[in-house]
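**Student:** See data.txt below, with compact mmCIF, C-alpha atoms.
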# COMPACT_ATOMS: atom_id res chain seq x y z
CA MET A 276 0.00 0.00 0.00
CA LYS A 277 1.39 3.37 -1.03
CA LEU A 278 2.28 5.68 1.83
CA GLU A 279 0.41 8.93 1.47
CA PHE A 280 0.08 11.72 4.00
CA LYS A 281 -3.19 13.62 3.73
CA SER A 282 -2.89 15.77 6.85
CA ALA A 283 -0.52 16.94 9.54
CA GLU A 284 -2.04 14.28 11.78
CA ASP A 285 -0.88 11.58 9.35
CA VAL A 286 2.64 12.96 9.55
CA LYS A 287 2.48 13.01 13.35
CA ARG A 288 1.30 9.40 13.52
CA TRP A 289 4.12 8.30 11.21
CA THR A 290 6.82 10.12 13.15
CA ASP A 291 5.55 8.72 16.45
CA GLY A 292 6.46 5.24 15.25
CA ARG A 293 9.90 6.02 13.84
CA LYS A 294 13.39 6.28 15.24
CA LEU A 295 15.09 9.64 15.76
CA PRO A 296 17.18 9.69 12.55
CA ASP A 297 14.06 9.12 10.42
CA LYS A 298 12.15 11.84 12.25
CA SER A 299 15.00 14.31 11.95
CA THR A 300 15.47 13.59 8.25
CA LEU A 301 11.80 14.05 7.41
CA LEU A 302 11.74 17.27 9.43
CA ALA A 303 14.92 18.64 7.86
CA ARG A 304 13.86 17.89 4.29
CA SER A 305 10.52 19.59 4.86
CA ALA A 306 12.28 22.59 6.37
CA MET A 307 14.59 22.78 3.32
CA ARG A 308 11.53 23.22 1.10
CA THR A 309 10.12 25.96 3.30
CA LEU A 310 13.44 27.77 3.55
CA ALA A 311 13.19 29.24 0.05
CA GLY A 312 10.20 31.28 1.19
CA ILE A 313 12.47 34.08 2.36
CA GLY A 314 13.15 34.80 -1.31
CA THR A 315 9.67 36.30 -1.65
CA GLU A 316 10.49 39.07 0.80
CA PRO A 317 12.08 42.48 0.11
CA ASP A 318 15.85 42.62 0.49
CA ALA A 319 15.53 44.79 3.57
CA THR A 320 13.52 42.04 5.27
CA ILE A 321 15.84 39.24 4.18
CA LYS A 322 18.83 41.20 5.47
CA ARG A 323 17.52 41.06 9.03
CA ILE A 324 17.27 37.26 9.22
CA PHE A 325 19.22 35.78 6.31
CA TYR A 326 21.99 34.16 8.35
CA SER A 327 19.62 32.96 11.04
CA ILE A 328 17.62 31.16 8.35
CA MET A 329 20.72 29.72 6.66
CA ARG A 330 22.17 28.64 9.97
CA GLY A 331 18.94 26.93 10.96
CA GLY A 332 18.80 25.17 7.60
CA ILE A 333 22.35 23.85 7.49
CA THR A 334 22.18 22.84 11.15
CA LEU A 335 18.99 20.87 10.64
CA ALA A 336 20.43 19.15 7.59
CA THR A 337 23.70 18.13 9.24
CA HIS A 338 21.89 17.16 12.43
CA SER A 339 19.75 14.68 10.52
CA VAL A 340 22.70 12.84 8.94
CA GLN A 341 24.77 12.56 12.13
CA ASP A 342 25.37 9.27 13.84
CA SER A 343 22.73 8.86 16.56
CA ARG A 344 25.43 9.03 19.24
CA THR A 345 26.18 12.63 18.28
CA PHE A 346 22.61 13.94 18.48
CA GLU A 347 22.87 15.12 22.06
CA ALA A 348 26.05 17.07 21.32
CA GLN A 349 24.25 18.72 18.41
CA GLU A 350 21.22 19.82 20.39
CA GLN A 351 22.77 22.94 21.91
CA ILE A 352 24.07 24.07 18.52
CA LEU A 353 20.65 23.46 17.00
CA LYS A 354 18.98 25.42 19.75
CA LEU A 355 21.30 28.37 19.21
CA ALA A 356 20.69 28.19 15.49
CA LEU A 357 16.92 28.24 15.71
CA GLU A 358 16.12 30.44 18.68
CA ASP A 359 16.88 33.65 16.76
CA LEU A 360 14.22 32.71 14.21
CA LYS A 361 11.39 32.84 16.70
CA GLY A 362 9.21 35.90 16.52
CA SER A 363 10.18 37.07 13.02
CA LYS A 364 7.64 36.73 10.23
CA MET A 365 9.90 34.91 7.81
CA GLY A 366 11.57 33.08 10.65
CA ASP A 367 8.22 31.58 11.56
CA ASP A 368 7.65 30.73 7.89
CA ALA A 369 10.98 28.95 7.66
CA ILE A 370 10.35 26.78 10.71
CA ASP A 371 6.66 26.18 10.02
CA SER A 372 7.30 22.74 8.57
CA MET A 373 9.53 21.81 11.49
CA THR A 374 6.65 22.16 13.91
CA TRP A 375 4.24 20.57 11.47
CA ALA A 376 6.40 17.56 10.74
CA ASN A 377 7.49 16.67 14.25
CA GLN A 378 6.51 17.96 17.66
CA GLU A 379 8.50 15.38 19.60
CA THR A 380 12.02 14.54 18.55
CA HIS A 381 14.55 14.44 21.35
CA GLY A 382 15.56 16.29 24.51
CA ALA A 383 16.23 20.01 24.20
CA PHE A 384 15.57 19.82 20.48
CA SER A 385 12.00 18.61 21.02
CA GLU A 386 11.38 21.29 23.65
CA LEU A 387 12.59 23.99 21.31
CA ILE A 388 10.53 22.81 18.34
CA ALA A 389 7.42 22.28 20.44
CA SER A 390 7.73 25.80 21.86
CA ILE A 391 7.67 27.45 18.44
CA PRO A 392 4.09 28.35 17.46
CA PRO A 393 2.91 27.29 13.99
CA SER A 394 3.19 30.08 11.46
CA THR A 395 0.05 31.83 10.28
CA SER A 396 1.81 34.27 7.96
CA ILE A 397 1.92 31.99 4.94
CA GLU A 398 -0.76 29.97 3.20
CA VAL A 399 0.88 26.59 3.00
CA PRO A 400 -1.55 25.04 0.47
CA GLU A 401 -0.88 27.88 -2.00
CA PHE A 402 2.87 28.03 -1.56
CA PHE A 403 3.49 24.30 -1.17
CA PRO A 404 0.55 22.44 -2.72
CA GLU A 405 2.70 19.29 -3.02
CA LYS A 406 4.23 19.56 0.45
CA LEU A 407 2.53 16.46 1.87
CA SER A 408 3.23 14.49 -1.31
CA GLU A 409 6.93 15.28 -1.03
CA MET A 410 6.97 14.33 2.64
CA SER A 411 5.20 11.09 1.72
CA ARG A 412 7.96 10.27 -0.77
CA ASP A 413 10.68 10.89 1.83
CA ALA A 414 8.84 8.80 4.43
CA ALA A 415 8.34 5.94 1.97
CA GLU A 416 12.07 5.92 1.18
CA LEU A 417 12.93 5.91 4.88
CA GLN A 418 10.57 2.97 5.44
CA VAL A 419 12.60 0.80 3.04
CA ALA A 420 15.73 1.35 5.13
CA ARG A 421 17.22 4.17 3.08
CA THR A 422 19.65 6.17 5.22
CA SER A 423 19.53 9.90 5.86
CA HIS A 424 22.47 10.32 3.47
CA ASP A 425 20.52 8.46 0.78
CA ILE A 426 17.46 10.66 1.23
CA PHE A 427 19.48 13.84 0.81
CA GLU A 428 20.79 12.45 -2.47
CA LEU A 429 17.24 12.60 -3.84
CA THR A 430 16.17 15.84 -5.48
CA LEU A 431 14.32 18.00 -2.97
CA TRP A 432 11.25 18.03 -5.21
CA GLU A 433 9.89 15.02 -7.08
CA PHE A 434 7.04 17.07 -8.49
CA GLN A 435 7.42 20.35 -10.36
CA PRO A 436 7.25 23.19 -7.81
CA THR A 437 4.84 26.05 -8.32
CA LYS A 438 5.81 29.20 -10.20
CA LEU A 439 5.69 31.02 -6.87
CA TYR A 440 8.30 28.64 -5.49
CA ASP A 441 10.55 29.11 -8.52
CA ASN A 442 10.27 32.86 -8.03
CA ALA A 443 11.15 32.45 -4.36
CA ILE A 444 14.36 30.55 -5.22
CA THR A 445 15.24 33.17 -7.82
CA GLY A 446 14.69 35.91 -5.25
CA LEU A 447 16.82 34.10 -2.69
CA PHE A 448 19.69 33.52 -5.12
CA ASN A 449 19.54 37.07 -6.43
CA TYR A 450 19.89 38.33 -2.88
CA CYS A 451 22.86 36.01 -2.28
CA ARG A 452 24.60 37.27 -5.41
CA LEU A 453 24.43 40.89 -4.29
CA ARG A 454 27.54 40.28 -2.19
CA PRO A 455 30.37 37.75 -2.67
CA GLU A 456 30.16 36.83 1.03
CA ARG A 457 26.85 35.07 0.33
CA GLU A 458 27.91 33.01 -2.70
CA PHE A 459 28.49 29.90 -0.58
CA TRP A 460 24.79 29.73 0.22
CA VAL A 461 23.88 29.47 -3.47
CA LYS A 462 26.15 26.41 -3.73
CA TRP A 463 24.82 24.97 -0.50
CA TYR A 464 21.12 25.29 -1.34
CA THR A 465 21.61 24.24 -4.97
CA GLY A 466 23.22 21.05 -3.67
CA ILE A 467 20.21 20.41 -1.43
CA LEU A 468 17.76 21.08 -4.29
CA GLU A 469 19.55 18.82 -6.77
CA GLY A 470 20.29 15.94 -4.40
CA LYS A 471 24.01 16.71 -4.52
CA PRO A 472 24.74 17.98 -1.00
CA LEU A 473 28.12 19.49 -0.22
CA ASP A 474 30.55 17.44 1.83
CA TRP A 475 28.81 16.70 5.13
CA GLU A 476 31.98 16.97 7.18
CA MET A 477 32.53 20.45 5.76
CA GLN A 478 28.94 21.43 6.50
CA GLN A 479 29.33 20.20 10.06
CA GLU A 480 32.37 22.45 10.55
CA ILE A 481 30.40 25.42 9.25
CA VAL A 482 27.62 24.65 11.71
CA CYS A 483 30.22 24.76 14.50
CA ILE A 484 31.44 28.27 13.67
CA PRO A 485 31.21 30.21 16.98
CA ASP A 486 27.75 31.40 17.92
CA GLN A 487 28.70 35.07 18.16
CA VAL A 488 30.12 35.05 14.63
CA TRP A 489 26.78 33.80 13.31
CA ARG A 490 24.76 36.29 15.34
CA ASN A 491 26.86 39.26 14.26
CA ALA A 492 26.42 38.45 10.57
CA ASP A 493 22.77 39.54 10.55
CA TRP A 494 21.49 43.11 10.77
CA PRO A 495 22.10 45.45 12.59
CA ARG A 496 25.79 44.48 12.93
CA SER A 497 25.92 42.90 9.46
CA GLU A 498 29.45 41.55 9.92
CA GLU A 499 29.07 39.24 6.94
CA SER A 500 32.71 39.30 5.93
CA TYR A 501 33.85 37.82 9.26
CA LEU A 502 31.50 34.84 8.91
CA SER A 503 32.46 34.55 5.26
CA GLU A 504 36.14 34.30 6.21
CA HIS A 505 35.37 31.35 8.45
CA VAL A 506 33.34 29.65 5.72
CA LYS A 507 35.99 30.23 3.03
CA LEU A 508 38.70 28.80 5.27
CA ILE A 509 36.65 25.68 5.95
CA GLU A 510 35.86 25.32 2.24
CA ALA A 511 39.51 25.69 1.26
CA LYS A 512 40.59 23.12 3.82
CA HIS A 513 38.11 20.52 2.60
CA GLU A 514 38.90 21.24 -1.05
CA LEU A 515 42.55 20.56 -0.26
CA LEU A 516 41.68 17.37 1.61
CA GLU A 517 39.73 16.18 -1.43
CA LYS A 518 42.65 16.98 -3.77
CA ILE A 519 45.06 15.15 -1.45
CA SER A 520 42.79 12.09 -1.47
CA ASP A 521 42.56 12.18 -5.26
CA LEU A 522 46.34 12.33 -5.66
CA GLN A 523 46.87 9.65 -3.04
CA ILE A 524 44.67 7.26 -5.00
CA SER A 525 46.67 7.87 -8.17
CA LEU A 526 50.01 7.49 -6.43
CA SER A 527 48.92 4.33 -4.63
CA SER A 528 47.70 2.78 -7.87
CA ALA A 529 50.94 3.64 -9.66
CA TYR A 530 53.11 2.37 -6.81
CA GLU A 531 51.18 -0.88 -6.42
CA ARG A 532 51.24 -1.56 -10.15
CA ARG A 533 54.96 -0.92 -10.29
CA SER A 534 55.59 -3.20 -7.32
CA GLY A 535 53.23 -5.90 -8.54
CA ILE A 536 52.03 -7.34 -11.81
CA GLY A 537 52.23 -4.08 -13.73
CA GLY A 538 55.92 -3.76 -12.89
CA ASN A 539 56.65 -6.80 -15.01
CA PHE A 540 55.75 -4.86 -18.14
CA PRO A 541 57.54 -1.50 -18.06
CA PRO A 542 57.08 0.75 -21.14
CA GLU A 543 60.09 0.85 -23.37
CA THR A 544 60.27 4.65 -23.41
CA ILE A 545 60.30 5.10 -19.63
CA ASP A 546 62.88 3.69 -17.30
CA LEU A 547 61.11 3.10 -14.02
CA ASN A 548 63.77 2.83 -11.37
CA ASP A 549 64.00 2.60 -7.63
CA LYS A 550 64.22 6.36 -7.22
CA PHE A 551 60.70 6.77 -8.51
CA GLN A 552 59.39 4.17 -6.08
CA ILE A 553 61.24 5.82 -3.19
CA ASP A 554 60.04 9.33 -4.12
CA THR A 555 56.49 8.13 -4.58
CA GLU A 556 56.39 6.47 -1.19
CA LYS A 557 57.90 9.56 0.46
CA THR A 558 55.28 11.71 -1.22
CA ARG A 559 52.47 9.49 0.03
CA LEU A 560 53.80 9.70 3.60
CA GLU A 561 54.11 13.50 3.44
CA LEU A 562 50.57 13.77 2.06
CA ASP A 563 49.30 11.56 4.90
CA ALA A 564 51.01 13.87 7.39
CA LEU A 565 49.44 16.93 5.78
CA ASP A 566 46.02 15.30 5.85
CA HIS A 567 46.51 14.70 9.58
CA LYS A 568 47.59 18.31 10.22
CA LEU A 569 44.54 19.65 8.34
CA ARG A 570 42.20 17.64 10.55
CA GLU A 571 43.61 19.04 13.78
CA LYS A 572 41.50 21.64 15.58
CA PRO A 573 42.32 24.43 15.69
CA LEU A 574 44.54 24.57 12.63
CA ASN A 575 48.12 25.50 13.44
CA LYS A 576 49.22 27.72 10.56
CA SER A 577 52.92 27.29 11.24
CA GLN A 578 52.72 23.50 11.35
CA VAL A 579 50.43 23.35 8.31
CA GLN A 580 52.79 25.61 6.38
CA GLN A 581 55.82 23.51 7.27
CA GLN A 582 54.07 20.35 6.17
CA ILE A 583 52.88 21.97 2.94
CA GLU A 584 56.49 22.94 2.19
CA LYS A 585 57.57 19.31 2.69
CA VAL A 586 54.80 18.09 0.41
CA THR A 587 55.57 20.70 -2.25
CA SER A 588 59.26 19.80 -2.22
CA GLN A 589 58.49 16.11 -2.53
CA LEU A 590 55.98 16.64 -5.34
CA LYS A 591 58.55 18.72 -7.14
CA ASP A 592 61.08 15.88 -6.97
CA VAL A 593 58.61 13.44 -8.51
CA LEU A 594 57.55 15.86 -11.24
CA ILE A 595 61.13 16.72 -12.15
CA TRP A 596 61.97 13.03 -12.44
CA LEU A 597 58.93 12.42 -14.63
CA ALA A 598 59.72 15.44 -16.77
CA LYS A 599 63.32 14.28 -17.34
CA LYS A 600 62.17 10.84 -18.31
CA ASN A 601 59.72 12.32 -20.80
CA ASP A 602 61.96 15.20 -21.89
CA LEU A 603 59.21 17.69 -20.98
CA ALA A 604 59.07 20.80 -18.80
CA VAL A 605 57.57 20.39 -15.34
CA ASP A 606 54.82 22.94 -16.03
CA THR A 607 53.73 21.13 -19.20
CA ALA A 608 50.54 19.12 -18.92
CA ILE A 609 52.42 15.82 -19.31
CA LYS A 610 50.82 12.49 -18.66
CA TRP A 611 52.81 9.55 -17.44
CA ALA A 612 51.54 5.98 -17.34
CA ILE A 613 52.67 2.49 -16.59
CA PRO A 614 51.09 -0.73 -17.87
CA ALA A 615 48.57 -2.43 -15.64
CA ALA A 616 47.32 -6.00 -15.66
CA GLY A 617 45.28 -6.77 -18.73
CA GLY A 618 46.96 -4.12 -20.84
CA GLY A 619 45.26 -1.10 -19.24
CA TYR A 620 47.11 1.98 -17.95
CA ILE A 621 47.22 3.80 -14.66
CA ALA A 622 47.90 7.49 -15.28
CA VAL A 623 49.49 9.90 -12.87
CA ASN A 624 48.55 13.38 -14.05
CA PRO A 625 50.65 16.40 -13.15
CA GLU A 626 47.37 18.30 -12.91
CA LYS A 627 46.67 16.42 -9.68
CA PHE A 628 50.07 17.41 -8.28
CA GLU A 629 49.48 21.01 -9.26
CA ALA A 630 45.95 20.96 -7.81
CA VAL A 631 47.35 20.04 -4.38
CA VAL A 632 49.91 22.85 -4.57
CA ARG A 633 47.27 25.38 -5.65
CA GLY A 634 44.89 24.21 -2.93
CA ALA A 635 47.61 24.48 -0.31
CA THR A 636 48.56 27.97 -1.47
CA LYS A 637 44.92 29.08 -1.27
CA LEU A 638 44.55 27.70 2.24
CA LEU A 639 47.70 29.43 3.49
CA GLU A 640 46.44 32.75 2.16
CA LEU A 641 43.24 32.34 4.17
CA LEU A 642 44.76 31.09 7.43
CA PRO A 643 44.94 33.92 10.01
Translate this structure into structure tokens?
**Tutor:**
Amino acid sequence: MKLEFKSAEDVKRWTDGRKLPDKSTLLARSAMRTLAGIGTEPDATIKRIFYSIMRGGITLATHSVQDSRTFEAQEQILKLALEDLKGSKMGDDAIDSMTWANQETHGAFSELIASIPPSTSIEVPEFFPEKLSEMSRDAAELQVARTSHDIFELTLWEFQPTKLYDNAITGLFNYCRLRPEREFWVKWYTGILEGKPLDWEMQQEIVCIPDQVWRNADWPRSEESYLSEHVKLIEAKHELLEKISDLQISLSSAYERRSGIGGNFPPETIDLNDKFQIDTEKTRLELDALDHKLREKPLNKSQVQQQIEKVTSQLKDVLIWLAKKNDLAVDTAIKWAIPAAGGGYIAVNPEKFEAVVRGATKLLELLP
């Protein structure tokens, strides 16, 4: 039998019988749909509550995909994120679906949500005529043991949203693009809409930016640039971590092939010798050390810089060796490969080396 919510009471009955992660996911996804409503307001209105809304949204989303053991630690952050929304017209609109979807979740979170009165400033049937249908889809997916991560990889809307909703998203994105400090939120919400969420670990770090930094970003202080600096630093760090992982995979593949079956079939034009194997292994170890330094909290700029210098030096040694063997300049987009089992090739692209160096340079420029 197809799951279909026809009323708020149906939603309440369903959530009463589910575990906390399912409840939180259904609530968060519903809130993500409501969030765009701020785009219908004048810029002057959005300015007063923009970061409170964004903070509430990203906190709800990351809260729902956390391991259940971390929920209690998240509750205080969630409370701080949502309490500023209470009492504002659009704040009530943005959390309307939270109250509607789930009055009883867990501890301080449930008390906070239950204490927020349902919004009366927006006509839900007109703005979200498919709201219950979308919640039904999410609930049905959760019932077949899909995880919270899986649900967020579905597009936010299965059905075509109304023209009013499209206009709301356009209004929201236009407001974000008025200042470069807000560009991150276009990427973040686009990822939610398209079922391609940004890295959850990165989002979690953004949620944990100090409370006062978040509060000061909204009017009247409007210290957007300070919050933006925190966000850009976190973004740059995770971009670098991703580039390191990508290069590590390539280096590991090349090293393993050289040491194993692939090493029995070296290409005639390239003399793979022990120096390459030694340099490759050293590079992998230095990259591992940098990965470790980047995950320390707080980041130690001096230590990160020292490790980046070690990595850069080691990458340079490998690239110079490759360039000599191919008679090409280091800055040329050369491609080097060794045979793999079955006749395929594993390529180590200098672009991946360069991407790590560029990512490291960007991070150092942002570190205070």
**Student:** Which residue is closest to A:Asn449? Choose from A:Thr315, A:Ser305, A:Thr437, A:Gln589 and count all atoms listed in the file.
**Tutor:**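 Of A:Thr315, A:Ser305, A:Thr437, A:Gln589, the one nearest A:Asn449 is A:Thr315, counting all atoms listed in the file.
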**Student:** Using only C-alpha atoms, which protein or nucleic acid residues come within 9 Å of A:Trp432? Drop anything in the same chain fewer than 2 positions from it, and give the result as a short mmCIF file (atom, residue, chain, number, x, y, z; two decimals) with C-alpha atoms, in the frame of the given file.
**Tutor:**
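Heads up, here's the output in part.cif:
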data_model
loop_
_atom_site.label_atom_id
_atom_site.label_comp_id
_atom_site.auth_asym_id
_atom_site.auth_seq_id
_atom_site.Cartn_x
_atom_site.Cartn_y
_atom_site.Cartn_z
CA ARG A 308 11.53 23.22 1.10
CA GLU A 405 2.70 19.29 -3.02
CA GLU A 409 6.93 15.28 -1.03
CA LEU A 429 17.24 12.60 -3.84
CA THR A 430 16.17 15.84 -5.48
CA PHE A 434 7.04 17.07 -8.49
CA GLN A 435 7.42 20.35 -10.36
CA PRO A 436 7.25 23.19 -7.81
CA LEU A 468 17.76 21.08 -4.29
CA GLU A 469 19.55 18.82 -6.77
#
**Student:** Can you tell me how far atom CA of A:Ala564 sits from atom CA of A:Lys512, in Å to one decimal?
**Tutor:**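 It comes out at 14.4 Å.
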**Student:** Which polymer residues have any atom within 8 Å of an atom of A:Ile481, counting all atoms listed in the file, with same-chain residues fewer than 2 positions away left out, as a PyMOL selection string?
**Tutor:** chain A and resi 477-479+483-484+505-506+509
**Student:** With all atoms listed in the file as the atoms that count, which of A:Ile313, A:Ala420, A:Ile524, A:Ala511 lies nearest to A:Thr445?
**Tutor:**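 Looking only at the distances to A:Thr445, the closest residue turns out to be A:Ile313.
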**Student:** Name the closest residue to A:Lys294 among the candidates A:Val488, A:Leu417, A:Ile333, A:Ile519; distances are taken between atoms, counting only C-alpha atoms.
**Tutor:**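 So, comparing all the options, the nearest one is A:Leu417.
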**Student:** For A:Leu278, please output as a ChimeraX atom specification all residues within 10 Å (counting only C-alpha atoms; exclusion window: fewer than 5 positions along the same chain).
**Tutor:** /A:289,408,410-416,418
**Student:** Quick one: distance from atom CA of A:Glu458 to atom CA of A:Gly332 in Å, one decimal?
**Tutor:** 15.8 Å
**Student:** Out of A:Leu569, A:Lys287, A:Asp318, A:Ser327, which residue has the shortest atom-to-atom distance to A:Gln487 when counting all atoms listed in the file?
**Tutor:**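 Comparing A:Leu569, A:Lys287, A:Asp318, A:Ser327 against A:Gln487, the winner is A:Ser327.
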**Student:** What is the atom CA of A:Phe427 to atom CA of A:Pro472 distance in Å?
**Tutor:**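 Answer for the atom CA of A:Phe427 to atom CA of A:Pro472 separation: 6.9 Å.
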**Student:** Between A:Pro317, A:Gly312, A:Pro485, A:Pro296, which is the closest to A:Val340 once you count all atoms listed in the file?
**Tutor:**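 Comparing A:Pro317, A:Gly312, A:Pro485, A:Pro296 against A:Val340, the winner is A:Pro296.
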**Student:** Return as JSON the box centre and box size in Å, one decimal, for an axis-aligned box around all listed atoms of stretch 333-339 of chain A padded by 5 Å per side.
**Tutor:**
{"center_x": 21.3, "center_y": 19.3, "center_z": 10.0, "size_x": 14.7, "size_y": 19.2, "size_z": 14.9}
**Student:** List the residues sitting within 12 Å of (40.8, 12.9, 0.7) in the file's frame, using all atoms listed in the file, as a ChimeraX atom specification.
**Tutor:** /A:474,476,512-525,562-563,565-567,569-570,631
**Student:** Which is closer to A:Thr334 than all the others in A:Val482, A:Ala319, A:Leu641, A:Ala306, using all atoms listed in the file?
**Tutor:** A:Val482
**Student:** When you get a chance, write out N, CA and C atoms for stretch 561-573 of chain A, as a PDB file, in the coordinates of the input.
**Tutor:**
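The result, stored in selection-v7.pdb:
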ATOM      1  N   GLU A 561      54.225  12.064   3.164  1.00  0.00           N
ATOM      2  CA  GLU A 561      54.110  13.500   3.440  1.00  0.00           C
ATOM      3  C   GLU A 561      52.664  13.970   3.257  1.00  0.00           C
ATOM      4  N   LEU A 562      51.982  13.415   2.272  1.00  0.00           N
ATOM      5  CA  LEU A 562      50.570  13.770   2.060  1.00  0.00           C
ATOM      6  C   LEU A 562      49.717  13.272   3.223  1.00  0.00           C
ATOM      7  N   ASP A 563      50.021  12.084   3.727  1.00  0.00           N
ATOM      8  CA  ASP A 563      49.300  11.560   4.900  1.00  0.00           C
ATOM      9  C   ASP A 563      49.501  12.494   6.098  1.00  0.00           C
ATOM     10  N   ALA A 564      50.709  12.973   6.269  1.00  0.00           N
ATOM     11  CA  ALA A 564      51.010  13.870   7.390  1.00  0.00           C
ATOM     12  C   ALA A 564      50.266  15.188   7.241  1.00  0.00           C
ATOM     13  N   LEU A 565      50.177  15.689   6.010  1.00  0.00           N
ATOM     14  CA  LEU A 565      49.440  16.930   5.780  1.00  0.00           C
ATOM     15  C   LEU A 565      47.950  16.735   6.042  1.00  0.00           C
ATOM     16  N   ASP A 566      47.420  15.625   5.590  1.00  0.00           N
ATOM     17  CA  ASP A 566      46.020  15.300   5.850  1.00  0.00           C
ATOM     18  C   ASP A 566      45.753  15.330   7.357  1.00  0.00           C
ATOM     19  N   HIS A 567      46.653  14.733   8.122  1.00  0.00           N
ATOM     20  CA  HIS A 567      46.510  14.700   9.580  1.00  0.00           C
ATOM     21  C   HIS A 567      46.537  16.111  10.167  1.00  0.00           C
ATOM     22  N   LYS A 568      47.474  16.940   9.716  1.00  0.00           N
ATOM     23  CA  LYS A 568      47.590  18.310  10.220  1.00  0.00           C
ATOM     24  C   LYS A 568      46.315  19.112   9.921  1.00  0.00           C
ATOM     25  N   LEU A 569      45.737  18.896   8.743  1.00  0.00           N
ATOM     26  CA  LEU A 569      44.540  19.650   8.340  1.00  0.00           C
ATOM     27  C   LEU A 569      43.322  19.271   9.183  1.00  0.00           C
ATOM     28  N   ARG A 570      43.350  18.097   9.767  1.00  0.00           N
ATOM     29  CA  ARG A 570      42.200  17.640  10.550  1.00  0.00           C
ATOM     30  C   ARG A 570      42.325  18.012  12.034  1.00  0.00           C
ATOM     31  N   GLU A 571      43.451  18.594  12.407  1.00  0.00           N
ATOM     32  CA  GLU A 571      43.610  19.040  13.780  1.00  0.00           C
ATOM     33  C   GLU A 571      42.804  20.312  14.032  1.00  0.00           C
ATOM     34  N   LYS A 572      42.285  20.453  15.225  1.00  0.00           N
ATOM     35  CA  LYS A 572      41.500  21.640  15.580  1.00  0.00           C
ATOM     36  C   LYS A 572      42.040  22.230  16.871  1.00  0.00           C
ATOM     37  N   PRO A 573      42.353  23.536  16.856  1.00  0.00           N
ATOM     38  CA  PRO A 573      42.320  24.430  15.690  1.00  0.00           C
ATOM     39  C   PRO A 573      43.520  24.205  14.787  1.00  0.00           C
TER      40      PRO A 573
END
